[in-house]
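K.L.:
I'd like to ask you about the structure that follows.
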Amino acid sequence: MATTDAAELAKAYDPRAVESRLYARWLAAGYFKPRIDPRRRPFTIVMPPPNVTGRLHIGHALTAAIEDALVRWHRMRGEPTLWVPGKDHAGIATQVVVERELAQQGLTRHDLGRERFLEKVWEWVRTYGSIIDEQHKRLGVSCDWDRLAFTMDPGPARAVRTMFKRLYDKGLIYRGARITNWCPRCQTALSDLEVEYQDDEGLLAYVRYPLVEREGEFLTIATTRPETILADTAVAVNPADPRYQAVIGARVRVPGVDREVPVVADSAVEMEFGTGALKITPGHDPVDFEIGQRHGLPAITVIGLDGRMTAEAGAYAGLPVEEARARFLDELRARGLLERVEPYRHRVGHCQRCKTVVEPLITEQWYVRIQPLAEPAIAAVREGRIRIIPERFEKVYFNWMENIRDWCISRQLWWGHRIPVWYCRACPREIVAVETPTACPACGGPLEQDPDVLDTWFSSGLWPFSTLGWPDDTPDLRYFYPNTLMETGYDILFFWVARMIMLGIEAMGDVPFRDVYLHGLIRVEGKKMSKTAGNVLDPLELMDEYGTDATRLALTVGTTPGNDTELNLQKLEACRNFVNKLWNSARYVLLNVPAAERPATLAPLTPPAGASAPDRWIVSRANHVVAEVTRLLGDYQLGEAARTVQEFLWGEYCDWYVEMAKIQLRVGDAAAQAATRYTLARVLEQTLRLLHPFAPFVTEELWQTLLAEPLARADTTLPPSIMIAPWPTPGPRDAAAEAFVEDVIELIRAARNLRQERKVEPARYVPATVVGGARTAELRAVAPLVSGLARLQPLEIVDALAAPPRQALPLVAGGFEAYLPAAELFDVAQERARLERELAEVERLIASGEARLANPGFTQKAPAAVVEGARRQLLENRERRERLAAQLRALEE
RNA sequence: GGGCAGGUAGCUCAGCCGGUUAGAGCACCACGUUGACAUCGUGGGGGUCGGAGGUUCGAGUCCUCUCCUGCCCACCA
């Protein structure tokens with residue numbers, strides 16, 4: 001496939017040059033499609049369908065990065081992997097944005113009429129729908145585009161009607177006139193979830209209600225909404241309130257209105273609030289509505305659907321609510337019925353989409369009787385058939401589900417799934433059907449469809465199975481349902497996840513997915529991102545500037561499930577630098593490992609014949625990283641997994657192994673050099689596979705380049721793409737090699753440190769003697785590395801030293817004892833100070849180690865391995881102390 | 001009113017079942033052009049893990065209380 005090689009690889013990675021090329025190739029090769037195998041359990045996930053309201057933002061990019069990483073990982077593990085992409089018509093949200101656009105031309109949807117308005121919306125959907133798909137492709141998502149779904153497609157639409165009819169037939173959908181949240185701007189009912197409460201500055205008016213037939217006596221009530229007094233049909237007090245026992249059952253005159261209403265007793269009244277007496281307005285307050293129902297009170301409507309006072313409001317008819325409030329207060333004041341008005345901050349409901357203040361009004365709406373659906377949904381999570389990650393959200397879920405109220409599903413909008421109910425005027429009767437009926441089945445009369453549409457979440461609630469062909473019994477549905485995973489932001493746990501669980505169990509008799517992974521929200525500069533705050537990061541711009549891989553890494557590294565994360569340009573830059581580092585390390589390997597020697601196998605990593613200690617070390621470390629990353633991914637710890645690979649690649653492979661390899665390739669014999677080249681290539685190859693879920697493009701590009709030769713062989717057994725290469729499995733560890741090389745690294749570090757401390761010019765070689773003790777032979781084998789990396793030359797390695805050399809900088813590190821006999825760098829006072837400092841530190845460690853081991857509680861109760869570790873550590877520290885002390889003594893002579 | 005999360009180096013965050021000397025990236029300081037990489041390398045400074053108490057041989061990690069910050073839910077009008 002790829003023809004580029006080291007010589008052609010640019011000095012720095014240019015993402016734009018490769019991303020679109022690779023994506024097109026993957027798509028053409030069909031890698032995104034599941035390879036169905038009836039014997040294997042599939043990995044299934046549906047994409048949370050983005051709203052077609054506009055472009056994708058960084059939150060969508062986060063979703064895509066997490067899901068694609070998991071999808072790629074599972075695919076590499078050989079699971080038949082299906083990722084269904086989709087988009088949501090987003091009823092009210094989309095209608096609002098299109099209306100907003102019309103408003104700029106001075107038009108409303110009524111100017112166009114239903115039909116033309118819907119054409120306009122479809123136009124919008126086509127424009128933004130394809131932008132969204134392009135953005136997703138740019139992000140590298142490996143979803144099955146052939147199954148791209150839209151909530152308004154015929155399939156999902158039939159699913160919606162089928163579900164509606166099913167619930168209706170079971171008596172779980174009903175129509176009723178109840179008090180419901182109404183947005184006067186959108187002109188529609190809203191569900192409880194679509195109302196956002198915020199603290200607004202308001203007022204609290206204390207108003208006198210004269211008692212009937214008790215001249216001069218009155219009840220004072222406190223209200224934030226004096227204008228609704230016009231619709232009062234009672235006053236309520238708490239039955240246990242001693243202050244009001246005498247008035248229960250009495251009648252009061254509604255101030256400003258010539259209406260006598262009863263004083264009722266209801267325990268919903270809080271005695272502590274205001275005066276303890278509550279005005280009851282069943283027509284305009286949900287609590288009052290319920291109290292009204294309990295006491296058989298009538299409901300009066302003084303506020304209309306347009307948010308203005310109705311004819312019932314008499315003199316105030318036609319006024320907006322705010323103005324009616326002010327004027328009515330004036331009237332009360334004039335009549336001496338207003339005791340006082342206090343400023344008052346309280347929670348006021350606003351429309352989620354347009355922010356208009358919501359009015360609770362009595363309207364005829366369709367509802368889902370939710371309790372029978374909620375119970376099995378609660379049980380599914382309670383019994384572990386669905387697992388929520390992080391677990392703490394299970395509590396949130398239970399709390400909401402256990403207090404759930406009926407779901408208002410009808411919307412007086414134009415954009416959405418039309419409610420599948422038809423009315424026959426002649427009979428009269430209502431018909432609920434999946435297929436549009438042409439005439440009344442009873443009398444043959446003409447039918448009229450219900451003008452309303454469904455809450456957009458009704459259709460998204462069916463997503464895990466409506467995208468697989470439900471209500472038909474399709475092979476897809478049988479194989480891929482339940483989905484394995486639902487991945488989304490915790491902000492739509494109730495809106496979406498809970499509804500999918502309820503509707504999924506109802507429709508399919510089984511949970512819609514097994515795991516729910518909830519990610520956090522992205523914040524920029526400490527704030528939630530929003531257009532008004534002007535801190536919106538556009539994923540396209542980020543990908544242009546830093547590349548897709550870096551953008552995706554920035555979104556995944558350092559994030560934990562359910563926690564919000566901070567994204568900033570520094571982080572993107574760091575990730576871009578990492579991608580570049582990977583690119584350059586690959587260039588080194590490509591330049592030094594001839595094409596014919598590139599790995600033709602993806603088998604678990606084992607050290608080659610003739611491997612040096614560093615070769616064995618890096619192989620062992622690589623195997624450790626495979627195990628660790630696999631474990632972390634299995635635990636949904638994507639951030640940690642990505643960071644682990646990153647640290648290995650940069651901190652161990654590049655910083656140490658490549659540097660050692662450079663020397664080994666210069667000084668070793670042919671066999672040793674071959675072993676090093678093999679190790680360089682295979683460790684890199686394996687690391688590319690580990691990183692592929694997080695950085696798909698650069699890893700594929702490098703993999704193709706690295707393996708170009710073996711891939712091109714006629715008899716190759718390699719898969720043609722890293723995307724479908726097997727996920728690595730760990731080979732054996734080599735504890736001895738790990739320990740030894742880590743000690744050598746410590747020695748080199750200490751030597752470098754000492755050089756800098758003594759201001760030795762970096763380029764200068766300094767002679768050194770190292771005492772190897774029992775490890776002399778091993779150490780001699782890596783002498784060129786120590787010599788080269790610490791710039792020590794000539795380097796003498798001895799098993800023992802009769803006496804420390806004079807006029808030498810002494811050093812103890814990694815269990816080795818070393819001397820840099822450079823007389824001109826030597827300064828007794830400085831060396832003494834340095835050694836004493838180190839000695840003091842070691843003494844401290846020895847003291848604490850001795851104290852622990854002297855504690856019988858520790859030696860008896862702590863695990864044997866921990867005690868053993870402490871013993872070994874103590875011995876090592878004591879040994880180190882002896883050496884430091886000897887060096888210090890030598891200094892004094 | 002109820003619930004949840006976070007408070008660890010100047011900043012952004014890791015730290016799994018409690019186990020020796022708490023980590024990373026960025027920022028900071030010093031030095032560095034040996035052909036993978038200055039989008040880099042080497043070395044360094046910097047934190048008694050919000051506070052108090054407790055459990056334990058041992059606590060950033062568990063428990064209680066407390067103070068900040070953010071979020072969610074809720075019918076005190």
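By order in the structure tokens, chains are A, B, ...; within a chain, residues start at 1; ligands start at 1, following the order shown.
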Give me the residues near range 46-52 of chain B as a ChimeraX atom specification, where near means some atom within 12 Å (using only C-alpha atoms (C1' of nucleotides)) and where sequence neighbours in that chain fewer than 5 positions away do not count.
P.N.:
/B:6-10,15,22-23,27-29,59-61,64-69
K.L.:
Take the selection from the previous step and output its residues with N, CA and C atoms (P, O5', C5', C4', C3', O3' and C1' of nucleotides), as a compact mmCIF listing (two decimals), in the first residue's frame.
P.N.:
# COMPACT_ATOMS: atom_id res chain seq x y z
P G B 6 -14.06 12.63 43.14
O5' G B 6 -13.44 14.09 43.01
C5' G B 6 -12.89 14.52 41.77
C4' G B 6 -12.61 16.00 41.82
C3' G B 6 -11.66 16.46 42.91
O3' G B 6 -10.30 16.23 42.56
C1' G B 6 -13.51 17.90 42.88
P G B 7 -9.24 16.04 43.75
O5' G B 7 -9.03 17.46 44.42
C5' G B 7 -8.35 18.52 43.70
C4' G B 7 -8.53 19.80 44.49
C3' G B 7 -7.61 19.93 45.71
O3' G B 7 -6.62 20.94 45.53
C1' G B 7 -9.90 20.40 46.26
P U B 8 -5.51 20.83 44.44
O5' U B 8 -4.63 19.60 44.93
C5' U B 8 -3.97 19.65 46.20
C4' U B 8 -2.78 18.76 46.17
C3' U B 8 -1.83 18.99 45.01
O3' U B 8 -0.94 20.07 45.27
C1' U B 8 -2.27 16.69 45.16
P A B 9 -0.68 21.08 44.15
O5' A B 9 0.89 21.06 44.07
C5' A B 9 1.70 22.08 44.71
C4' A B 9 2.92 22.31 43.88
C3' A B 9 2.65 23.00 42.53
O3' A B 9 2.83 24.39 42.51
C1' A B 9 4.19 21.18 42.33
P G B 10 2.92 25.42 43.59
O5' G B 10 3.01 26.73 42.68
C5' G B 10 2.10 27.80 42.83
C4' G B 10 1.80 28.42 41.48
C3' G B 10 0.85 27.61 40.62
O3' G B 10 -0.49 28.02 40.84
C1' G B 10 2.81 28.08 39.37
P G B 15 -6.37 8.26 38.67
O5' G B 15 -5.23 7.77 39.66
C5' G B 15 -4.36 6.69 39.29
C4' G B 15 -3.25 6.58 40.29
C3' G B 15 -3.68 6.44 41.75
O3' G B 15 -4.08 5.13 42.07
C1' G B 15 -2.01 8.07 41.60
P A B 22 8.09 10.97 48.81
O5' A B 22 7.39 10.73 47.39
C5' A B 22 6.82 9.48 47.06
C4' A B 22 5.67 9.70 46.11
C3' A B 22 5.99 10.67 44.98
O3' A B 22 6.56 9.97 43.91
C1' A B 22 3.90 11.21 45.96
P G B 23 7.99 10.28 43.43
O5' G B 23 7.87 10.14 41.86
C5' G B 23 7.52 11.26 41.09
C4' G B 23 6.57 10.81 40.03
C3' G B 23 6.41 11.81 38.90
O3' G B 23 7.44 11.62 37.93
C1' G B 23 4.29 11.19 39.67
P A B 27 6.47 24.70 27.93
O5' A B 27 6.27 25.57 29.25
C5' A B 27 5.39 26.70 29.24
C4' A B 27 5.40 27.35 30.59
C3' A B 27 6.78 27.72 31.12
O3' A B 27 7.21 28.96 30.60
C1' A B 27 5.58 26.60 32.81
P C B 28 8.75 29.18 30.37
O5' C B 28 9.37 29.10 31.83
C5' C B 28 9.01 30.07 32.81
C4' C B 28 9.77 29.80 34.08
C3' C B 28 11.27 29.62 33.91
O3' C B 28 11.93 30.88 33.81
C1' C B 28 10.43 27.92 35.32
P C B 29 13.15 31.01 32.79
O5' C B 29 14.35 30.38 33.64
C5' C B 29 14.74 30.95 34.88
C4' C B 29 15.82 30.11 35.51
C3' C B 29 16.93 29.69 34.56
O3' C B 29 17.89 30.73 34.40
C1' C B 29 16.22 27.81 35.79
P A B 59 -0.03 6.30 58.68
O5' A B 59 -0.53 6.01 57.20
C5' A B 59 0.18 6.46 56.03
C4' A B 59 -0.83 7.09 55.08
C3' A B 59 -1.41 8.37 55.66
O3' A B 59 -1.00 9.57 55.01
C1' A B 59 -3.14 6.79 55.09
P G B 60 -0.21 9.91 53.80
O5' G B 60 -1.21 10.43 52.69
C5' G B 60 -1.79 11.74 52.76
C4' G B 60 -2.78 11.93 51.65
C3' G B 60 -3.83 10.85 51.54
O3' G B 60 -4.96 11.19 52.31
C1' G B 60 -2.83 11.20 49.43
P U B 61 -5.92 10.04 52.91
O5' U B 61 -6.12 8.97 51.74
C5' U B 61 -7.15 9.15 50.74
C4' U B 61 -7.10 7.96 49.81
C3' U B 61 -7.63 6.67 50.42
O3' U B 61 -8.68 6.15 49.62
C1' U B 61 -5.45 6.36 49.49
P U B 64 -18.03 8.31 56.73
O5' U B 64 -17.82 9.20 58.04
C5' U B 64 -18.45 8.83 59.26
C4' U B 64 -18.09 9.83 60.33
C3' U B 64 -18.27 11.29 59.92
O3' U B 64 -19.62 11.71 60.05
C1' U B 64 -16.16 11.02 60.97
P C B 65 -20.15 12.84 59.08
O5' C B 65 -19.49 14.16 59.69
C5' C B 65 -19.82 14.59 61.00
C4' C B 65 -18.85 15.64 61.47
C3' C B 65 -18.74 16.88 60.57
O3' C B 65 -19.79 17.79 60.80
C1' C B 65 -16.57 16.15 61.15
P U B 66 -20.26 18.73 59.62
O5' U B 66 -18.98 19.65 59.40
C5' U B 66 -18.56 20.57 60.42
C4' U B 66 -17.32 21.30 59.97
C3' U B 66 -17.43 21.97 58.61
O3' U B 66 -18.08 23.23 58.69
C1' U B 66 -15.41 20.76 58.70
P C B 67 -18.83 23.80 57.43
O5' C B 67 -17.65 24.51 56.64
C5' C B 67 -16.79 25.44 57.29
C4' C B 67 -15.66 25.81 56.36
C3' C B 67 -16.08 26.04 54.93
O3' C B 67 -16.63 27.33 54.76
C1' C B 67 -14.19 24.66 54.95
P C B 68 -17.43 27.70 53.44
O5' C B 68 -16.18 28.06 52.50
C5' C B 68 -16.40 28.36 51.16
C4' C B 68 -15.16 28.03 50.35
C3' C B 68 -15.53 27.67 48.93
O3' C B 68 -15.73 28.84 48.17
C1' C B 68 -14.07 26.03 49.78
P U B 69 -17.15 29.02 47.45
O5' U B 69 -16.84 28.23 46.10
C5' U B 69 -15.62 28.46 45.40
C4' U B 69 -15.42 27.40 44.36
C3' U B 69 -16.68 26.98 43.62
O3' U B 69 -17.03 27.90 42.59
C1' U B 69 -15.47 25.06 44.26
K.L.:
What are the residues of chain B lining chain A at 8 Å or less? Count only C-alpha atoms (C1' of nucleotides), and put the answer as a ChimeraX atom specification.
P.N.:
/B:3-5,12-14,19-21,25-26,31-32,36-37,39,42-43,57-58,73,75-77
K.L.:
Contacts of Gly509 in chain A at 12 Å or less, counting only C-alpha atoms (C1' of nucleotides), minus same-chain residues fewer than 6 places along, as a list in words?
P.N.:
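Here the answer would be Leu373, Pro376, Ala377, Ala380, Phe465, Tyr481, Pro482, Ile501, Met502 and Leu503 of chain A.
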K.L.:
Take the residues from that selection and write them out as a CSV table (one decimal), in the first residue's frame, keeping N, CA and C atoms.
P.N.:
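As a result, selection.csv now contains:
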chain,number,residue,atom,x,y,z
A,373,LEU,N,-42.9,1.3,33.0
A,373,LEU,CA,-41.7,1.2,32.2
A,373,LEU,C,-40.5,1.4,33.1
A,376,PRO,N,-39.0,-2.1,35.5
A,376,PRO,CA,-38.0,-3.0,34.9
A,376,PRO,C,-36.7,-2.3,34.6
A,377,ALA,N,-36.8,-1.0,34.3
A,377,ALA,CA,-35.5,-0.3,34.0
A,377,ALA,C,-34.7,-0.2,35.2
A,380,ALA,N,-33.1,-3.6,36.0
A,380,ALA,CA,-32.0,-4.0,35.1
A,380,ALA,C,-30.7,-3.5,35.6
A,465,PHE,N,-32.3,-0.1,18.8
A,465,PHE,CA,-32.8,-1.1,18.0
A,465,PHE,C,-33.5,-0.6,16.7
A,481,TYR,N,-28.2,-7.0,18.9
A,481,TYR,CA,-28.9,-6.5,20.1
A,481,TYR,C,-28.8,-7.6,21.1
A,482,PRO,N,-28.6,-7.2,22.4
A,482,PRO,CA,-28.3,-5.9,22.9
A,482,PRO,C,-27.0,-5.3,22.5
A,501,ILE,N,-33.3,2.7,28.0
A,501,ILE,CA,-33.4,1.5,28.8
A,501,ILE,C,-34.9,1.1,29.0
A,502,MET,N,-35.7,2.1,29.3
A,502,MET,CA,-37.2,1.8,29.5
A,502,MET,C,-37.8,1.3,28.2
A,503,LEU,N,-37.5,2.0,27.1
A,503,LEU,CA,-38.2,1.6,25.8
A,503,LEU,C,-37.6,0.3,25.2
K.L.:
Would you mind telling me which residue in A:Leu118, A:Arg214, A:Ile388, A:Thr484 lies nearest to Val497 in chain A when using only C-alpha atoms?
P.N.:
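Of A:Leu118, A:Arg214, A:Ile388, A:Thr484, the one nearest Val497 in chain A is A:Ile388, counting only C-alpha atoms.
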K.L.:
For range 309-317 of chain A, work out the shell of residues within 10 Å, counting only C-alpha atoms (C1' of nucleotides) and skipping chain neighbours fewer than 4 positions away, then give it as number ranges by chain.
P.N.:
A: 227-231, 257, 300-305, 321-325, 327-328
K.L.:
Report the residues of range 440-596 of chain A whose backbone DSSP state falls under helix (DSSP H, G or I), written as a ChimeraX atom specification.
P.N.:
/A:456-460,463-466,475-480,490-508,539-546,548-556,569-592,595-596
K.L.:
What does the distance between CA of Arg35 in chain A and CA of Ile386 in chain A come to in Å, to one decimal place?
P.N.:
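If I compute the distance from CA of Arg35 in chain A to CA of Ile386 in chain A, I get 25.7 Å.
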K.L.:
Would you mind telling me which residue in A:Gly216, A:Gly129, A:Gly256, A:Pro282 lies nearest to Ala234 in chain A when using only C-alpha atoms?
P.N.:
A:Pro282
K.L.:
Could you list, with a cut-off of 12 Å and counting only C-alpha atoms (C1' of nucleotides), the residues of range 8-57 of chain B near range 659-664 of chain A, each shown with its nearest atom pair and the distance in Å rounded to one decimal, rows sorted by chain and ascending number, as JSON lines?
P.N.:
{"residue": "B:U34", "atom": "C1'", "partner": "A:Lys662", "partner_atom": "CA", "distance": 11.1}
{"residue": "B:G35", "atom": "C1'", "partner": "A:Lys662", "partner_atom": "CA", "distance": 11.7}
{"residue": "B:A36", "atom": "C1'", "partner": "A:Glu659", "partner_atom": "CA", "distance": 10.4}
{"residue": "B:G41", "atom": "C1'", "partner": "A:Glu659", "partner_atom": "CA", "distance": 10.9}
K.L.:
Calculate how many Å separate CA of Ala177 in chain A from CA of His284 in chain A, rounding to one decimal.
P.N.:
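These two atoms are separated by 13.0 Å.
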K.L.:
When DSSP works through the backbone of this structure, what residues of range 500-567 of chain A end up as strand (DSSP E), shown as a PDB file with N, CA, C and O atoms, in the first residue's frame?
P.N.:
ATOM      1  N   PHE A 513     -28.373  -2.300  26.138  1.00  0.00           N
ATOM      2  CA  PHE A 513     -26.901  -2.364  26.148  1.00  0.00           C
ATOM      3  C   PHE A 513     -26.458  -2.850  27.508  1.00  0.00           C
ATOM      4  O   PHE A 513     -27.213  -2.797  28.478  1.00  0.00           O
ATOM      5  N   ARG A 514     -25.226  -3.334  27.565  1.00  0.00           N
ATOM      6  CA  ARG A 514     -24.737  -3.935  28.809  1.00  0.00           C
ATOM      7  C   ARG A 514     -23.968  -2.926  29.659  1.00  0.00           C
ATOM      8  O   ARG A 514     -24.079  -2.921  30.879  1.00  0.00           O
ATOM      9  N   ASP A 515     -23.168  -2.110  29.014  1.00  0.00           N
ATOM     10  CA  ASP A 515     -22.393  -1.111  29.751  1.00  0.00           C
ATOM     11  C   ASP A 515     -22.806   0.284  29.308  1.00  0.00           C
ATOM     12  O   ASP A 515     -23.071   0.509  28.124  1.00  0.00           O
ATOM     13  N   VAL A 516     -22.860   1.176  30.256  1.00  0.00           N
ATOM     14  CA  VAL A 516     -23.072   2.585  29.939  1.00  0.00           C
ATOM     15  C   VAL A 516     -21.816   3.316  30.408  1.00  0.00           C
ATOM     16  O   VAL A 516     -21.480   3.264  31.584  1.00  0.00           O
ATOM     17  N   TYR A 517     -21.119   3.922  29.468  1.00  0.00           N
ATOM     18  CA  TYR A 517     -19.924   4.683  29.839  1.00  0.00           C
ATOM     19  C   TYR A 517     -20.269   6.157  29.686  1.00  0.00           C
ATOM     20  O   TYR A 517     -20.639   6.603  28.599  1.00  0.00           O
ATOM     21  N   LEU A 518     -20.187   6.873  30.785  1.00  0.00           N
ATOM     22  CA  LEU A 518     -20.531   8.291  30.740  1.00  0.00           C
ATOM     23  C   LEU A 518     -19.263   9.134  30.817  1.00  0.00           C
ATOM     24  O   LEU A 518     -18.485   9.005  31.763  1.00  0.00           O
ATOM     25  N   HIS A 519     -19.059   9.955  29.803  1.00  0.00           N
ATOM     26  CA  HIS A 519     -17.878  10.820  29.848  1.00  0.00           C
ATOM     27  C   HIS A 519     -18.263  12.197  30.389  1.00  0.00           C
ATOM     28  O   HIS A 519     -19.440  12.534  30.491  1.00  0.00           O
ATOM     29  N   ILE A 522     -16.357  18.977  28.407  1.00  0.00           N
ATOM     30  CA  ILE A 522     -15.123  19.690  28.141  1.00  0.00           C
ATOM     31  C   ILE A 522     -15.272  21.131  28.610  1.00  0.00           C
ATOM     32  O   ILE A 522     -16.263  21.785  28.317  1.00  0.00           O
ATOM     33  N   ARG A 523     -14.286  21.575  29.331  1.00  0.00           N
ATOM     34  CA  ARG A 523     -14.293  22.979  29.717  1.00  0.00           C
ATOM     35  C   ARG A 523     -13.072  23.650  29.103  1.00  0.00           C
ATOM     36  O   ARG A 523     -12.050  23.010  28.871  1.00  0.00           O
ATOM     37  N   VAL A 524     -13.212  24.923  28.824  1.00  0.00           N
ATOM     38  CA  VAL A 524     -12.085  25.665  28.283  1.00  0.00           C
ATOM     39  C   VAL A 524     -11.837  26.834  29.212  1.00  0.00           C
ATOM     40  O   VAL A 524     -12.765  27.559  29.550  1.00  0.00           O
ATOM     41  N   LYS A 527     -14.145  27.149  32.163  1.00  0.00           N
ATOM     42  CA  LYS A 527     -15.584  27.369  31.989  1.00  0.00           C
ATOM     43  C   LYS A 527     -16.188  26.357  31.046  1.00  0.00           C
ATOM     44  O   LYS A 527     -15.517  25.790  30.207  1.00  0.00           O
ATOM     45  N   LYS A 528     -17.464  26.156  31.226  1.00  0.00           N
ATOM     46  CA  LYS A 528     -18.204  25.347  30.281  1.00  0.00           C
ATOM     47  C   LYS A 528     -18.184  26.118  28.957  1.00  0.00           C
ATOM     48  O   LYS A 528     -18.335  27.332  28.934  1.00  0.00           O
ATOM     49  N   THR A 565     -13.259  17.725  31.886  1.00  0.00           N
ATOM     50  CA  THR A 565     -11.830  17.920  31.637  1.00  0.00           C
ATOM     51  C   THR A 565     -11.566  19.279  31.005  1.00  0.00           C
ATOM     52  O   THR A 565     -12.394  19.826  30.294  1.00  0.00           O
ATOM     53  N   GLU A 566     -10.414  19.740  31.290  1.00  0.00           N
ATOM     54  CA  GLU A 566      -9.975  21.032  30.800  1.00  0.00           C
ATOM     55  C   GLU A 566      -9.188  20.806  29.508  1.00  0.00           C
ATOM     56  O   GLU A 566      -8.311  19.968  29.433  1.00  0.00           O
TER      57      GLU A 566
END
K.L.:
Mind pulling up the distance from CA of Ala507 in chain A to CA of Arg387 in chain A?
P.N.:
20.0 Å
K.L.:
What's around Ala671 in chain A at 10 Å? Count only C-alpha atoms (C1' of nucleotides), leave out sequence neighbours fewer than 2 positions away in its own chain, and write the answer as a ChimeraX atom specification.
P.N.:
/A:608-611,668-669,673-677
K.L.:
Got a sec: who's within 9 Å of range 715-725 of chain A, counting only C-alpha atoms (C1' of nucleotides), leaving out chain neighbours fewer than 4 positions off, as a list in words?
P.N.:
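What passes the distance filter is Met1, Trp26, Tyr31, Arg72, Trp73, Arg75, Met76, Arg77, Gly78, Ala600, Thr601, Leu602, Leu688, Arg689, His692, Pro693, Pro696, Thr699, Glu700, Trp703, Gln704, Pro710 and Leu711 of chain A.
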